[in-house]
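Here the structure comes first, spelled out in structure tokens, and everything after it is commentary.
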Amino acid sequence: TKNLPQAFKYYKLAIDLNPTNSMYFGRLAHVLGQMGDIQNAKASALKALELNPSLGQSHAWLAEIYRKENNEKAADEHSKLAERFQSLSIKPDVEKK
């Protein structure tokens with residue numbers, strides 16, 4: 001089971017302790033989105049990207065939300081950025097021995 005209120009408290013505390021960690025804002029956006037608080041989730045995702053513009057997952061999530069809101073321009077922008085950053089991510093070399 002998901003304990004979203006507990007996760008929310010955890011990420012808020014983590015942000016209070018380290019307000020420059022983009023991953024905490026990204027995770028908070030995810031939790032807020034699951035809780036149905038889309039406006040605060042978007043604000044958190046945008047803050048994550050302000051701190052680290054290369055977070056492909058945050059761009060992908062924002063693209064999805066903007067599409068649901070019929071904001072195609074913002075959706076396309078974030079979708080392209082998500083694809084770009086996800087294609088640049090380092091993949092493990094499974095062939096390496």
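How things are named: the first chain in the structure tokens is A, the next is B, and so on; residues count from 1 in each chain; ligands count from 1 in the order shown.
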Test item, helix (DSSP H, G or I) assignment across chain A, answer as a PyMOL selection string: chain A and resi 4-17+22-35+38-51+56-68+72-88
Quick one: residues within 8 Å of range 34-51 of chain A, only C-alpha atoms, excluding same-chain residues fewer than 5 positions away - as an mmCIF file with N, CA, C and O atoms, in the first residue's frame?
data_model
loop_
_atom_site.group_PDB
_atom_site.id
_atom_site.type_symbol
_atom_site.label_atom_id
_atom_site.label_comp_id
_atom_site.auth_asym_id
_atom_site.auth_seq_id
_atom_site.Cartn_x
_atom_site.Cartn_y
_atom_site.Cartn_z
ATOM 1 N N LEU A 4 0.896 7.853 1.025
ATOM 2 C CA LEU A 4 1.208 9.138 0.400
ATOM 3 C C LEU A 4 1.387 10.267 1.413
ATOM 4 O O LEU A 4 2.331 11.058 1.254
ATOM 5 N N THR A 20 18.339 22.398 -2.146
ATOM 6 C CA THR A 20 18.912 22.468 -3.488
ATOM 7 C C THR A 20 18.972 21.104 -4.167
ATOM 8 O O THR A 20 19.535 20.982 -5.248
ATOM 9 N N ASN A 21 18.369 20.092 -3.565
ATOM 10 C CA ASN A 21 18.372 18.753 -4.147
ATOM 11 C C ASN A 21 17.182 18.611 -5.093
ATOM 12 O O ASN A 21 16.036 18.476 -4.649
ATOM 13 N N SER A 22 17.453 18.617 -6.373
ATOM 14 C CA SER A 22 16.389 18.561 -7.374
ATOM 15 C C SER A 22 15.590 17.265 -7.308
ATOM 16 O O SER A 22 14.384 17.270 -7.581
ATOM 17 N N MET A 23 16.232 16.182 -6.940
ATOM 18 C CA MET A 23 15.533 14.900 -6.891
ATOM 19 C C MET A 23 14.433 14.902 -5.829
ATOM 20 O O MET A 23 13.396 14.284 -6.019
ATOM 21 N N TYR A 24 14.647 15.592 -4.730
ATOM 22 C CA TYR A 24 13.598 15.667 -3.711
ATOM 23 C C TYR A 24 12.366 16.383 -4.256
ATOM 24 O O TYR A 24 11.241 15.969 -4.007
ATOM 25 N N PHE A 25 12.586 17.449 -5.003
ATOM 26 C CA PHE A 25 11.456 18.170 -5.597
ATOM 27 C C PHE A 25 10.748 17.301 -6.641
ATOM 28 O O PHE A 25 9.527 17.325 -6.751
ATOM 29 N N GLY A 26 11.518 16.532 -7.399
ATOM 30 C CA GLY A 26 10.926 15.631 -8.381
ATOM 31 C C GLY A 26 10.081 14.554 -7.731
ATOM 32 O O GLY A 26 8.975 14.245 -8.189
ATOM 33 N N LEU A 28 8.724 14.768 -4.729
ATOM 34 C CA LEU A 28 7.572 15.441 -4.130
ATOM 35 C C LEU A 28 6.505 15.687 -5.197
ATOM 36 O O LEU A 28 5.311 15.497 -4.942
ATOM 37 N N ALA A 29 6.925 16.078 -6.391
ATOM 38 C CA ALA A 29 5.972 16.284 -7.489
ATOM 39 C C ALA A 29 5.212 14.995 -7.778
ATOM 40 O O ALA A 29 3.993 15.005 -7.972
ATOM 41 N N SER A 58 11.094 14.355 -14.984
ATOM 42 C CA SER A 58 10.264 15.516 -14.644
ATOM 43 C C SER A 58 9.702 16.165 -15.893
ATOM 44 O O SER A 58 8.542 16.576 -15.926
ATOM 45 N N HIS A 59 10.524 16.240 -16.953
ATOM 46 C CA HIS A 59 10.028 16.779 -18.229
ATOM 47 C C HIS A 59 8.900 15.901 -18.774
ATOM 48 O O HIS A 59 7.884 16.421 -19.241
ATOM 49 N N LEU A 62 5.695 16.459 -16.756
ATOM 50 C CA LEU A 62 5.092 17.748 -17.096
ATOM 51 C C LEU A 62 4.439 17.701 -18.479
ATOM 52 O O LEU A 62 3.359 18.252 -18.673
#
Option closest in space to Gly56 in chain A, from A:Leu81, A:Val31, A:Leu17, A:Ala7 [counting only C-alpha atoms]: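 Ranked by minimum distance to Gly56 in chain A, first place goes to A:Leu81.
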